[in-house]
Structures are given as C-alpha cells and as structure tokens.
Amino acid sequence: MVSGHFPAVFLDRDGTLMEEVDYCREPEKVRLLPGVPEGLAKLKAAGFRCVIITNQSGIGRGRIKMAEYEAVHARLLELLGSGLIDATYFCPDAPDTACTCRKPAPGMVLAAAEDLKIDLSRSWMVGDKASDVGCGRNAGTRTILVQTGYGKSESDTGADFVAPDFSAAVETILRAR
C-alpha cells in the first residue's frame, strides 16, 4: 500500500460536491451543493488534502467532449474558490473499458497518494455511489456515502458511515480524527 505523510479526503464530484446533472457539459449548469465550500475549508484547516476523484464516462461514450469536461470543471473550481482543492483525477473511460482507474478500481486514488504523499490509512473517500465506496475500500481508506445525488437511492454499499449531506460527512471526518 502507498504510504505518505498527509491525510486526504478523496471526493466524488457529481452528486457530492455539485448537483447531479446527467452528463454535465455546460458550465452554467454547475451548482454547488449546500455547505460544500465551508466543509472543504474545515477539512483544509484540519490538515487534510482535498482531492477530486471522478469517473467521466461521458467522454469515453462520446457524450461529452474533453473541452466541455474541462469547462465544467473550471467552473466548479471557480465556484469553490481558490485553495480548497489540491488536485483532480478523472477517468474518461466508458464502463466497458478495461482500466485500473475507473471507480470502484482504486487507480486514481493510488496515483494521487503517490503524487501528493498521502497516507491512505488516515484518509477518507466521500461519494454518492457504491462505486465511490468501493474505490475507497479498494484503496484502503475509510468511506462515507452521502445521501445527495444518487446516494438517496443507494443501499448496502458497505460504507463505514452514511451522511445526509457533505456538511455532515465533514463533521463525521473531523470527529473521527
């Protein structure tokens, strides 16, 4: 297992940080979920690195162009404000593509751990899908399923914790330190 110095919170993007929009291609459709910038600021103040880990199969499926993904992501970062996200890793592959990065595979988390000197045993994965929880488990982090986005209808994910929203997930992480 990759071991480093810093704890991190790995964050799903769609349905966790921003409202779920089916294959979001338009920056003007980006809407932050309540409490996200404030929660990220609390995590940063507590010494966590914050890393977005996102499947973007719309690229591999031909529904989103790379430039559209980049514009949407730039808008998200603009709305969040500077200094809250340390890095972003994304997988553009369609679900039927054999790869090691598409969640629930841990490839993106393992790459981030290596690049950013992250201690996975002190880290968390937060997301709204079973694939997010699986990714965190496969990488050796603790996991939180948020009940926003698709999380409202997910069950039996095996998450360590379930939180109604991102703010509650942040409080769970800070209490568990």
# chains A, B, ... in the order shown; residues from 1 in each chain; ligands from 1
call {"tool": "residues_around", "arguments": {"residues": "range 32-44 of chain A", "least_positions_apart": "5", "cutoff": "12 Å", "atoms": "only C-alpha atoms", "output": "number ranges by chain"}}
result
A: 6-11, 13-21, 27, 49-52, 72-73, 75-86, 123-124, 126, 146-149, 164-175, 177
call {"tool": "write_last_selection", "arguments": {"atoms": "C-alpha atoms", "output": "CSV table (one decimal), in the first residue's frame"}}
result
chain,number,residue,atom,x,y,z
A,6,PHE,CA,-0.6,13.6,4.7
A,7,PRO,CA,-4.2,12.6,5.3
A,8,ALA,CA,-6.6,13.3,2.5
A,9,VAL,CA,-10.3,13.4,1.7
A,10,PHE,CA,-11.0,12.0,-1.8
A,11,LEU,CA,-14.1,13.5,-3.2
A,13,ARG,CA,-17.6,15.3,-7.9
A,14,ASP,CA,-21.1,14.9,-9.4
A,15,GLY,CA,-23.8,14.4,-6.7
A,16,THR,CA,-21.3,15.0,-3.9
A,17,LEU,CA,-19.8,18.5,-4.5
A,18,MET,CA,-22.1,19.7,-7.2
A,19,GLU,CA,-25.7,18.9,-8.2
A,20,GLU,CA,-26.0,15.8,-10.3
A,21,VAL,CA,-26.6,16.8,-14.0
A,27,PRO,CA,-20.6,25.3,-17.1
A,49,ARG,CA,-5.6,17.4,1.4
A,50,CYS,CA,-8.8,17.5,-0.7
A,51,VAL,CA,-8.7,15.6,-4.0
A,52,ILE,CA,-11.5,15.1,-6.5
A,72,VAL,CA,-17.4,22.4,-16.4
A,73,HIS,CA,-14.6,21.5,-14.1
A,75,ARG,CA,-16.5,26.4,-13.3
A,76,LEU,CA,-16.7,24.1,-10.3
A,77,LEU,CA,-13.3,25.2,-9.1
A,78,GLU,CA,-14.2,28.9,-9.7
A,79,LEU,CA,-17.4,28.5,-7.6
A,80,LEU,CA,-15.5,26.7,-4.8
A,81,GLY,CA,-12.8,29.4,-4.6
A,82,SER,CA,-9.1,29.1,-4.6
A,83,GLY,CA,-7.0,26.9,-2.4
A,84,LEU,CA,-9.7,24.3,-1.5
A,85,ILE,CA,-8.9,21.5,-4.0
A,86,ASP,CA,-5.4,20.2,-4.1
A,123,SER,CA,-7.7,9.2,4.6
A,124,TRP,CA,-11.3,9.1,3.5
A,126,VAL,CA,-16.7,10.6,0.2
A,146,VAL,CA,-23.5,11.0,1.2
A,147,GLN,CA,-27.3,10.8,0.5
A,148,THR,CA,-27.2,13.5,-2.1
A,149,GLY,CA,-27.1,12.8,-5.9
A,164,PRO,CA,-27.3,13.1,4.8
A,165,ASP,CA,-25.0,15.6,3.0
A,166,PHE,CA,-21.5,16.9,2.6
A,167,SER,CA,-21.6,19.1,5.8
A,168,ALA,CA,-22.5,16.0,7.9
A,169,ALA,CA,-19.8,14.0,6.2
A,170,VAL,CA,-17.2,16.6,7.1
A,171,GLU,CA,-18.3,16.6,10.7
A,172,THR,CA,-18.0,12.8,10.8
A,173,ILE,CA,-14.4,13.0,9.5
A,174,LEU,CA,-13.5,15.7,12.0
A,175,ARG,CA,-15.0,13.8,14.9
A,177,ARG,CA,-9.7,12.1,13.8
call {"tool": "select_by_dssp", "arguments": {"residues": "chain A", "states": "strand (DSSP E or B)", "output": "PyMOL selection string"}}
result
chain A and resi 6+8-11+14+18+32+49-55+87-91+118+124-127+142-146+161-163
call {"tool": "select_by_dssp", "arguments": {"residues": "range 16-126 of chain A", "states": "alpha helix (DSSP H)", "output": "number ranges by chain"}}
result
A: 36-45, 57-60, 66-80, 107-116
call {"tool": "closest_residue", "arguments": {"among": "A:Asn55, A:Ser153, A:Gly107, A:Pro92", "to": "Ser131 in chain A", "atoms": "only C-alpha atoms"}}
result
A:Asn55
call {"tool": "atom_distance", "arguments": {"atom1": "CA of Asp156 in chain A", "atom2": "CA of Val133 in chain A"}}
result
10.4 Å
call {"tool": "closest_residue", "arguments": {"among": "A:Phe90, A:Ala98, A:Cys135, A:Asp12", "to": "Tyr150 in chain A", "atoms": "only C-alpha atoms"}}
result
A:Asp12
call {"tool": "closest_residue", "arguments": {"among": "A:Gly140, A:Pro95, A:Gly60, A:Gly151", "to": "Asp119 in chain A", "atoms": "only C-alpha atoms"}}
result
A:Gly140
call {"tool": "decode", "arguments": {"residues": "range 24-91 of chain A", "atoms": "C-alpha atoms", "output": "PDB file, in the first residue's frame"}}
result
ATOM      1  CA  CYS A  24     -22.982  17.873 -17.492  1.00  0.00           C
ATOM      2  CA  ARG A  25     -21.468  19.667 -20.490  1.00  0.00           C
ATOM      3  CA  GLU A  26     -22.435  23.246 -19.730  1.00  0.00           C
ATOM      4  CA  PRO A  27     -20.590  25.319 -17.107  1.00  0.00           C
ATOM      5  CA  GLU A  28     -23.730  27.378 -16.393  1.00  0.00           C
ATOM      6  CA  LYS A  29     -25.421  24.214 -15.061  1.00  0.00           C
ATOM      7  CA  VAL A  30     -22.838  23.766 -12.294  1.00  0.00           C
ATOM      8  CA  ARG A  31     -24.476  24.295  -8.889  1.00  0.00           C
ATOM      9  CA  LEU A  32     -22.619  23.633  -5.664  1.00  0.00           C
ATOM     10  CA  LEU A  33     -24.421  21.559  -3.089  1.00  0.00           C
ATOM     11  CA  PRO A  34     -25.091  23.374   0.204  1.00  0.00           C
ATOM     12  CA  GLY A  35     -22.169  23.699   2.610  1.00  0.00           C
ATOM     13  CA  VAL A  36     -19.511  22.406   0.220  1.00  0.00           C
ATOM     14  CA  PRO A  37     -17.039  25.357   0.238  1.00  0.00           C
ATOM     15  CA  GLU A  38     -17.393  25.718   4.013  1.00  0.00           C
ATOM     16  CA  GLY A  39     -16.859  21.985   4.521  1.00  0.00           C
ATOM     17  CA  LEU A  40     -13.793  21.937   2.296  1.00  0.00           C
ATOM     18  CA  ALA A  41     -12.366  24.912   4.216  1.00  0.00           C
ATOM     19  CA  LYS A  42     -12.830  22.998   7.505  1.00  0.00           C
ATOM     20  CA  LEU A  43     -11.055  19.951   6.083  1.00  0.00           C
ATOM     21  CA  LYS A  44      -8.167  22.076   4.810  1.00  0.00           C
ATOM     22  CA  ALA A  45      -7.897  23.833   8.202  1.00  0.00           C
ATOM     23  CA  ALA A  46      -7.696  20.404   9.864  1.00  0.00           C
ATOM     24  CA  GLY A  47      -4.731  19.449   7.651  1.00  0.00           C
ATOM     25  CA  PHE A  48      -6.428  17.303   5.010  1.00  0.00           C
ATOM     26  CA  ARG A  49      -5.566  17.392   1.352  1.00  0.00           C
ATOM     27  CA  CYS A  50      -8.754  17.550  -0.728  1.00  0.00           C
ATOM     28  CA  VAL A  51      -8.667  15.598  -3.987  1.00  0.00           C
ATOM     29  CA  ILE A  52     -11.464  15.150  -6.511  1.00  0.00           C
ATOM     30  CA  ILE A  53     -11.732  11.606  -7.902  1.00  0.00           C
ATOM     31  CA  THR A  54     -14.313  11.442 -10.688  1.00  0.00           C
ATOM     32  CA  ASN A  55     -15.483   8.993 -13.332  1.00  0.00           C
ATOM     33  CA  GLN A  56     -16.372  10.883 -16.507  1.00  0.00           C
ATOM     34  CA  SER A  57     -17.632   8.117 -18.777  1.00  0.00           C
ATOM     35  CA  GLY A  58     -19.446  10.694 -20.922  1.00  0.00           C
ATOM     36  CA  ILE A  59     -16.078  11.380 -22.551  1.00  0.00           C
ATOM     37  CA  GLY A  60     -15.483   7.725 -23.438  1.00  0.00           C
ATOM     38  CA  ARG A  61     -19.087   7.344 -24.568  1.00  0.00           C
ATOM     39  CA  GLY A  62     -18.796  10.362 -26.885  1.00  0.00           C
ATOM     40  CA  ARG A  63     -21.443  12.372 -24.998  1.00  0.00           C
ATOM     41  CA  ILE A  64     -19.016  14.982 -23.667  1.00  0.00           C
ATOM     42  CA  LYS A  65     -16.016  16.497 -25.388  1.00  0.00           C
ATOM     43  CA  MET A  66     -12.828  16.949 -23.368  1.00  0.00           C
ATOM     44  CA  ALA A  67     -13.149  20.728 -23.707  1.00  0.00           C
ATOM     45  CA  GLU A  68     -16.683  20.554 -22.238  1.00  0.00           C
ATOM     46  CA  TYR A  69     -15.462  18.498 -19.258  1.00  0.00           C
ATOM     47  CA  GLU A  70     -12.643  20.995 -18.710  1.00  0.00           C
ATOM     48  CA  ALA A  71     -15.019  23.989 -18.872  1.00  0.00           C
ATOM     49  CA  VAL A  72     -17.437  22.401 -16.381  1.00  0.00           C
ATOM     50  CA  HIS A  73     -14.585  21.508 -14.054  1.00  0.00           C
ATOM     51  CA  ALA A  74     -13.094  25.001 -14.293  1.00  0.00           C
ATOM     52  CA  ARG A  75     -16.494  26.448 -13.343  1.00  0.00           C
ATOM     53  CA  LEU A  76     -16.716  24.117 -10.346  1.00  0.00           C
ATOM     54  CA  LEU A  77     -13.275  25.212  -9.138  1.00  0.00           C
ATOM     55  CA  GLU A  78     -14.213  28.859  -9.692  1.00  0.00           C
ATOM     56  CA  LEU A  79     -17.381  28.477  -7.599  1.00  0.00           C
ATOM     57  CA  LEU A  80     -15.492  26.664  -4.839  1.00  0.00           C
ATOM     58  CA  GLY A  81     -12.837  29.359  -4.611  1.00  0.00           C
ATOM     59  CA  SER A  82      -9.078  29.055  -4.637  1.00  0.00           C
ATOM     60  CA  GLY A  83      -7.040  26.853  -2.365  1.00  0.00           C
ATOM     61  CA  LEU A  84      -9.694  24.257  -1.463  1.00  0.00           C
ATOM     62  CA  ILE A  85      -8.901  21.503  -3.994  1.00  0.00           C
ATOM     63  CA  ASP A  86      -5.354  20.155  -4.114  1.00  0.00           C
ATOM     64  CA  ALA A  87      -5.759  18.048  -7.256  1.00  0.00           C
ATOM     65  CA  THR A  88      -8.284  16.381  -9.543  1.00  0.00           C
ATOM     66  CA  TYR A  89      -8.050  12.946 -11.099  1.00  0.00           C
ATOM     67  CA  PHE A  90     -10.614  11.794 -13.640  1.00  0.00           C
ATOM     68  CA  CYS A  91     -11.249   8.647 -15.641  1.00  0.00           C
TER      69      CYS A  91
END
